[in-house]
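Novice: Sharing entry.txt (compact mmCIF, C-alpha atoms) below.
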```txt
# COMPACT_ATOMS: atom_id res chain seq x y z
CA MET A 1 115.54 -49.62 27.91
CA PRO A 2 112.27 -49.99 29.81
CA GLU A 3 110.13 -53.06 29.12
CA GLN A 4 107.46 -52.45 26.47
CA LEU A 5 103.82 -53.27 27.17
CA ASP A 6 101.77 -55.00 24.50
CA LEU A 7 98.25 -56.40 24.38
CA ASN A 8 99.42 -59.91 25.27
CA LEU A 9 101.08 -58.62 28.43
CA LEU A 10 97.89 -56.80 29.39
CA ARG A 11 95.97 -60.06 28.95
CA VAL A 12 98.40 -61.71 31.35
CA PHE A 13 97.98 -58.86 33.83
CA ASP A 14 94.19 -59.24 33.66
CA ALA A 15 94.35 -63.01 34.15
CA LEU A 16 96.74 -62.68 37.10
CA LEU A 17 94.45 -60.19 38.82
CA ARG A 18 91.37 -62.31 38.16
CA GLU A 19 92.92 -65.58 39.33
CA GLY A 20 95.37 -64.42 41.97
CA SER A 21 98.04 -66.96 41.05
CA VAL A 22 100.47 -67.73 38.24
CA THR A 23 99.24 -71.33 37.95
CA ALA A 24 95.57 -70.43 37.61
CA ALA A 25 96.37 -67.56 35.23
CA SER A 26 98.41 -69.90 33.01
CA GLU A 27 95.44 -72.28 32.79
CA ARG A 28 93.11 -69.41 31.92
CA LEU A 29 95.46 -68.21 29.18
CA HIS A 30 96.39 -71.72 27.95
CA LEU A 31 100.05 -70.94 28.58
CA SER A 32 102.74 -72.87 30.41
CA ILE A 33 103.50 -71.87 34.00
CA PRO A 34 107.09 -70.78 33.12
CA ALA A 35 105.79 -68.60 30.25
CA THR A 36 103.26 -66.94 32.55
CA SER A 37 105.92 -66.44 35.20
CA ARG A 38 108.21 -64.78 32.65
CA ALA A 39 105.34 -62.54 31.55
CA LEU A 40 104.78 -61.52 35.19
CA GLY A 41 108.47 -60.58 35.37
CA ARG A 42 108.08 -58.40 32.28
CA LEU A 43 104.98 -56.76 33.77
CA ARG A 44 106.84 -56.00 36.99
CA ARG A 45 109.66 -54.31 35.08
CA ALA A 46 107.33 -52.39 32.78
CA MET A 47 105.04 -51.16 35.57
CA SER A 48 107.74 -50.80 38.25
CA ASP A 49 105.51 -52.68 40.68
CA PRO A 50 105.43 -56.28 42.03
CA ILE A 51 101.80 -56.71 40.80
CA LEU A 52 101.33 -59.82 43.00
CA VAL A 53 102.99 -60.35 46.39
CA ARG A 54 103.10 -63.29 48.74
CA ALA A 55 100.27 -63.29 51.32
CA GLY A 56 100.24 -66.35 53.55
CA ARG A 57 100.02 -69.39 51.28
CA GLY A 58 98.68 -67.41 48.35
CA MET A 59 99.31 -64.24 46.40
CA ALA A 60 97.62 -60.85 46.77
CA PRO A 61 97.53 -57.93 44.31
CA THR A 62 99.31 -54.73 45.24
CA PRO A 63 97.34 -51.48 45.68
CA PHE A 64 98.74 -50.29 42.34
CA ALA A 65 97.53 -53.46 40.61
CA LEU A 66 94.05 -53.09 42.10
CA ARG A 67 93.85 -49.48 40.90
CA THR A 68 95.10 -50.40 37.44
CA ALA A 69 93.02 -53.54 36.86
CA PRO A 70 89.76 -51.79 35.79
CA ARG A 71 91.59 -49.67 33.22
CA VAL A 72 93.40 -52.71 31.80
CA ARG A 73 90.09 -54.58 31.50
CA SER A 74 88.58 -51.56 29.78
CA LEU A 75 91.46 -51.46 27.27
CA LEU A 76 91.05 -55.18 26.56
CA ASP A 77 87.32 -54.72 26.05
CA GLU A 78 87.97 -51.86 23.62
CA ALA A 79 90.51 -53.96 21.71
CA SER A 80 87.99 -56.79 21.49
CA ALA A 81 85.35 -54.36 20.25
CA LEU A 82 87.70 -53.16 17.49
CA ILE A 83 88.24 -56.71 16.29
CA SER A 84 84.50 -57.37 16.16
CA ALA A 85 83.52 -53.91 14.89
CA ASP A 86 82.66 -55.23 11.43
CA ARG A 87 80.08 -57.70 12.70
CA GLU A 88 76.95 -57.16 14.69
CA VAL A 89 77.18 -58.44 18.25
CA THR A 90 73.98 -59.33 20.04
CA ILE A 91 73.58 -58.92 23.78
CA ALA A 92 73.39 -62.68 24.20
CA GLU A 93 76.86 -63.02 22.58
CA LEU A 94 78.50 -60.23 24.54
CA GLU A 95 81.49 -61.30 26.63
CA ARG A 96 82.98 -58.57 28.78
CA THR A 97 83.17 -57.23 32.32
CA PHE A 98 81.28 -54.11 33.41
CA THR A 99 82.55 -52.30 36.50
CA ILE A 100 79.86 -50.75 38.70
CA ARG A 101 80.76 -48.36 41.53
CA ILE A 102 78.22 -48.62 44.32
CA ASN A 103 78.04 -48.25 48.12
CA ASP A 104 77.51 -51.28 50.33
CA GLY A 105 74.01 -50.32 51.41
CA VAL A 106 72.69 -49.97 47.86
CA ALA A 107 74.59 -53.05 46.66
CA ALA A 108 72.71 -55.19 49.20
CA THR A 109 69.40 -54.36 47.51
CA LEU A 110 70.39 -53.96 43.84
CA ALA A 111 73.32 -56.29 43.14
CA THR A 112 71.42 -59.58 43.22
CA ALA A 113 68.64 -58.30 40.96
CA ALA A 114 71.19 -56.78 38.55
CA VAL A 115 73.18 -60.02 38.29
CA GLU A 116 70.06 -62.14 37.73
CA ALA A 117 68.64 -59.76 35.09
CA THR A 118 71.99 -59.59 33.28
CA ALA A 119 72.53 -63.37 33.33
CA ALA A 120 69.09 -63.88 31.78
CA VAL A 121 69.93 -61.89 28.63
CA ALA A 122 73.76 -61.80 28.55
CA PRO A 123 75.27 -64.90 30.21
CA GLY A 124 78.76 -63.93 29.06
CA VAL A 125 78.74 -60.62 30.93
CA VAL A 126 80.40 -60.28 34.34
CA LEU A 127 79.30 -57.49 36.69
CA ARG A 128 82.16 -56.31 38.88
CA PHE A 129 80.98 -54.25 41.85
CA VAL A 130 83.51 -51.94 43.51
CA THR A 131 82.95 -49.87 46.64
CA GLU A 132 82.83 -46.11 46.59
CA GLY A 133 86.01 -44.21 47.26
CA SER A 134 86.54 -41.18 45.14
CA GLU A 135 83.36 -40.18 43.30
CA SER A 136 85.31 -38.42 40.57
CA ALA A 137 83.71 -38.52 37.13
CA GLU A 138 87.15 -39.19 35.62
CA ALA A 139 86.73 -42.91 36.33
CA LEU A 140 83.70 -42.88 34.02
CA ARG A 141 85.59 -40.98 31.35
CA ASP A 142 88.67 -43.23 31.30
CA GLY A 143 86.58 -46.42 31.38
CA SER A 144 87.80 -47.79 34.72
CA VAL A 145 84.16 -47.50 35.90
CA ASP A 146 81.25 -48.16 33.53
CA LEU A 147 78.38 -47.24 35.85
CA ASP A 148 78.30 -45.18 39.04
CA ILE A 149 75.33 -45.70 41.36
CA GLY A 150 74.99 -43.30 44.27
CA VAL A 151 74.21 -39.80 45.46
CA GLY A 152 76.51 -37.06 44.27
CA ASP A 153 76.82 -33.70 42.61
CA VAL A 154 75.16 -33.03 39.27
CA ALA A 155 77.24 -34.81 36.66
CA ALA A 156 79.07 -33.08 33.82
CA PRO A 157 77.25 -32.59 30.48
CA ASP A 158 79.21 -35.43 28.85
CA ILE A 159 77.91 -38.00 31.35
CA ARG A 160 74.43 -39.47 31.05
CA THR A 161 72.48 -39.69 34.30
CA ALA A 162 69.13 -41.14 35.38
CA VAL A 163 67.19 -41.23 38.65
CA LEU A 164 66.80 -44.80 39.91
CA TYR A 165 64.73 -44.06 43.00
CA ARG A 166 64.32 -41.55 45.79
CA GLU A 167 64.86 -42.02 49.51
CA ARG A 168 63.34 -40.19 52.44
CA MET A 169 65.69 -39.06 55.18
CA VAL A 170 64.73 -39.75 58.79
CA GLY A 171 66.26 -38.01 61.81
CA ILE A 172 66.54 -39.65 65.23
CA VAL A 173 66.67 -37.68 68.49
CA ARG A 174 67.00 -38.56 72.16
CA ALA A 175 63.77 -39.17 74.03
CA ASP A 176 64.36 -36.09 76.20
CA SER A 177 65.39 -33.81 73.28
CA ALA A 178 63.43 -30.60 72.79
CA LEU A 179 63.08 -31.59 69.12
CA GLY A 180 61.03 -34.58 70.18
CA ARG A 181 58.14 -32.26 71.07
CA HIS A 182 57.79 -31.19 67.43
CA ARG A 183 56.00 -33.62 65.14
CA ARG A 184 57.48 -31.98 62.05
CA PRO A 185 60.35 -29.68 63.10
CA THR A 186 61.39 -26.95 60.68
CA LEU A 187 64.86 -26.71 59.16
CA ARG A 188 65.62 -23.78 61.48
CA GLN A 189 64.68 -25.87 64.50
CA LEU A 190 66.83 -28.76 63.24
CA CYS A 191 69.80 -26.45 62.77
CA GLY A 192 69.47 -25.26 66.35
CA HIS A 193 70.84 -28.58 67.63
CA PRO A 194 74.16 -30.41 67.00
CA HIS A 195 73.99 -33.30 64.54
CA VAL A 196 75.61 -36.74 64.28
CA SER A 197 76.27 -37.59 60.62
CA ALA A 198 76.22 -41.24 59.50
CA SER A 199 78.62 -41.68 56.59
CA ARG A 200 80.50 -44.67 55.17
CA ARG A 201 83.15 -42.31 53.81
CA GLY A 202 83.50 -40.22 56.95
CA ARG A 203 81.91 -37.13 55.43
CA ALA A 204 80.28 -34.42 57.52
CA ARG A 205 78.31 -33.05 54.55
CA GLY A 206 75.61 -34.72 52.47
CA PRO A 207 72.38 -34.08 50.54
CA LEU A 208 70.76 -32.62 53.68
CA ASP A 209 73.29 -29.81 53.67
CA ASP A 210 72.29 -28.82 50.13
CA ALA A 211 68.71 -28.27 51.31
CA ILE A 212 69.91 -26.40 54.39
CA ASP A 213 72.23 -24.18 52.32
CA ALA A 214 69.41 -23.38 49.90
CA ALA A 215 67.34 -22.15 52.86
CA GLY A 216 70.19 -19.86 53.99
CA LEU A 217 70.86 -21.93 57.10
CA GLN A 218 73.77 -23.93 58.47
CA ARG A 219 73.96 -26.92 60.77
CA HIS A 220 76.67 -28.00 63.20
CA VAL A 221 77.90 -31.60 62.82
CA ALA A 222 79.39 -32.63 66.17
CA ALA A 223 80.35 -36.18 65.18
CA VAL A 224 80.64 -38.42 62.12
CA VAL A 225 80.05 -42.16 62.53
CA PRO A 226 79.72 -45.11 60.16
CA PRO A 227 76.15 -46.35 59.59
CA VAL A 228 75.06 -49.43 61.50
```
Show the structure stored in the file as structure tokens.
Specialist:
Amino acid sequence: MPEQLDLNLLRVFDALLREGSVTAASERLHLSIPATSRALGRLRRAMSDPILVRAGRGMAPTPFALRTAPRVRSLLDEASALISADREVTIAELERTFTIRINDGVAATLATAAVEATAAVAPGVVLRFVTEGSESAEALRDGSVDLDIGVGDVAAPDIRTAVLYRERMVGIVRADSALGRHRRPTLRQLCGHPHVSASRRGRARGPLDDAIDAAGLQRHVAAVVPPV
């Protein structure tokens, strides 16, 4: 019979992923090391995955464990909310982790301010920033991501959205390019030359293509490179 998962096992899973070792997880959970080790064995059988594997002198989570961790934390948060549903919880008393999906460029400007503002009103809250991969809205629906910051398609009706700020796109051309003679080239003139797209996710399309499509035009992307 397959091993059954219960809330206590999920707490162990969360502690193991947070601490990265059985010893540290046992201290976090106020359990003995052998008890935590046995719980890890049960998790491995139940999830059919090693969860933590040896990496040098320490332990590293498996890809499956990394993918699963946000959902486990979300389930634990929901369970905690059920227990405290009959009492009013103020922001200052809130103790939970919020997962924010954000690209590296935006994180450099927003993460510090977000952490400082949160700590000022909710010291028990942890902000967990994860890099963009798939921008699927399903991560917001299943609770593995609480907030998604970035540029994407119009969200579904069941997802609340807000504009944080707007950016202006700037194109760069060679000094001897014919486009350099135009102070403000038109979209048609831009589409007459091959483009190099800068994308962290290796995408050839972006917001610029939406504007080009709306004008009935099409551009040719000759290369895709990561941003500097």
Novice: Select, from A:Ala222, A:Ala24, A:Met47, A:Leu76, the residue with the minimum atom-to-atom distance to A:Asn8, counting only C-alpha atoms.
Specialist: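 Among the listed residues, the smallest separation from A:Asn8 belongs to A:Leu76.
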Novice: Residues near stretch 100-113 of chain A, anyone? I mean within 12 Å using only C-alpha atoms, not counting same-chain ones fewer than 6 positions away, as a ChimeraX atom specification.
Specialist: /A:70,119-120,126-137,139-140,143-152,164-165,167,199-201,226-228
Novice: Work out how far apart atom CA of A:Thr118 and atom CA of A:Ser21 are and give it in Å to one decimal.
Specialist: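 The value is 28.2 Å.
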Novice: List every protein, DNA or RNA residue that has an atom no more than 12 Å from (66.9, -38.0, 52.2) in the file's coordinate frame, counting only C-alpha atoms, and report them as a VMD selection string.
Specialist: chain A and resid 151 165 to 171 206 to 211
Novice: Using only the atoms of stretch 202-208 of chain A listed in the file, plus 8 Å on each side, state the axis-aligned box centre and edge lengths in Å rounded to one decimal, as JSON.
Specialist:
```
{"center_x": 77.1, "center_y": -36.4, "center_z": 54.0, "size_x": 28.7, "size_y": 23.6, "size_z": 23.0}
```
Novice: Identify, on the basis of all atoms listed in the file, every residue whose closest approach to A:Asp14 does not exceed 8 Å; exclude the query and any residue fewer than 4 positions from it along the same chain; express the result as a list in words.
Specialist: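 Counting all atoms listed in the file, the residues come to Leu10, Arg18, Ala69, Val72 and Arg73 of chain A.
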Novice: Grab the residues selected above and save them as a short mmCIF file (atom, residue, chain, number, x, y, z; two decimals), in the frame of the given file with C-alpha atoms.
Specialist:
```
data_model
loop_
_atom_site.label_atom_id
_atom_site.label_comp_id
_atom_site.auth_asym_id
_atom_site.auth_seq_id
_atom_site.Cartn_x
_atom_site.Cartn_y
_atom_site.Cartn_z
CA LEU A 10 97.89 -56.80 29.39
CA ARG A 18 91.37 -62.31 38.16
CA ALA A 69 93.02 -53.54 36.86
CA VAL A 72 93.40 -52.71 31.80
CA ARG A 73 90.09 -54.58 31.50
#
```
Novice: Using only C-alpha atoms, which of A:His193, A:Ser48, A:Gly202, A:Ala114 sits nearest A:Gly180?
Specialist: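 For A:Gly180, the nearest of the candidates is A:His193.
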Novice: What does the structure give for the distance between atom CA of A:Leu217 and atom CA of A:Thr186, in Å to one decimal?
Specialist: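 Rounded to one decimal, the two atoms are 11.3 Å apart.
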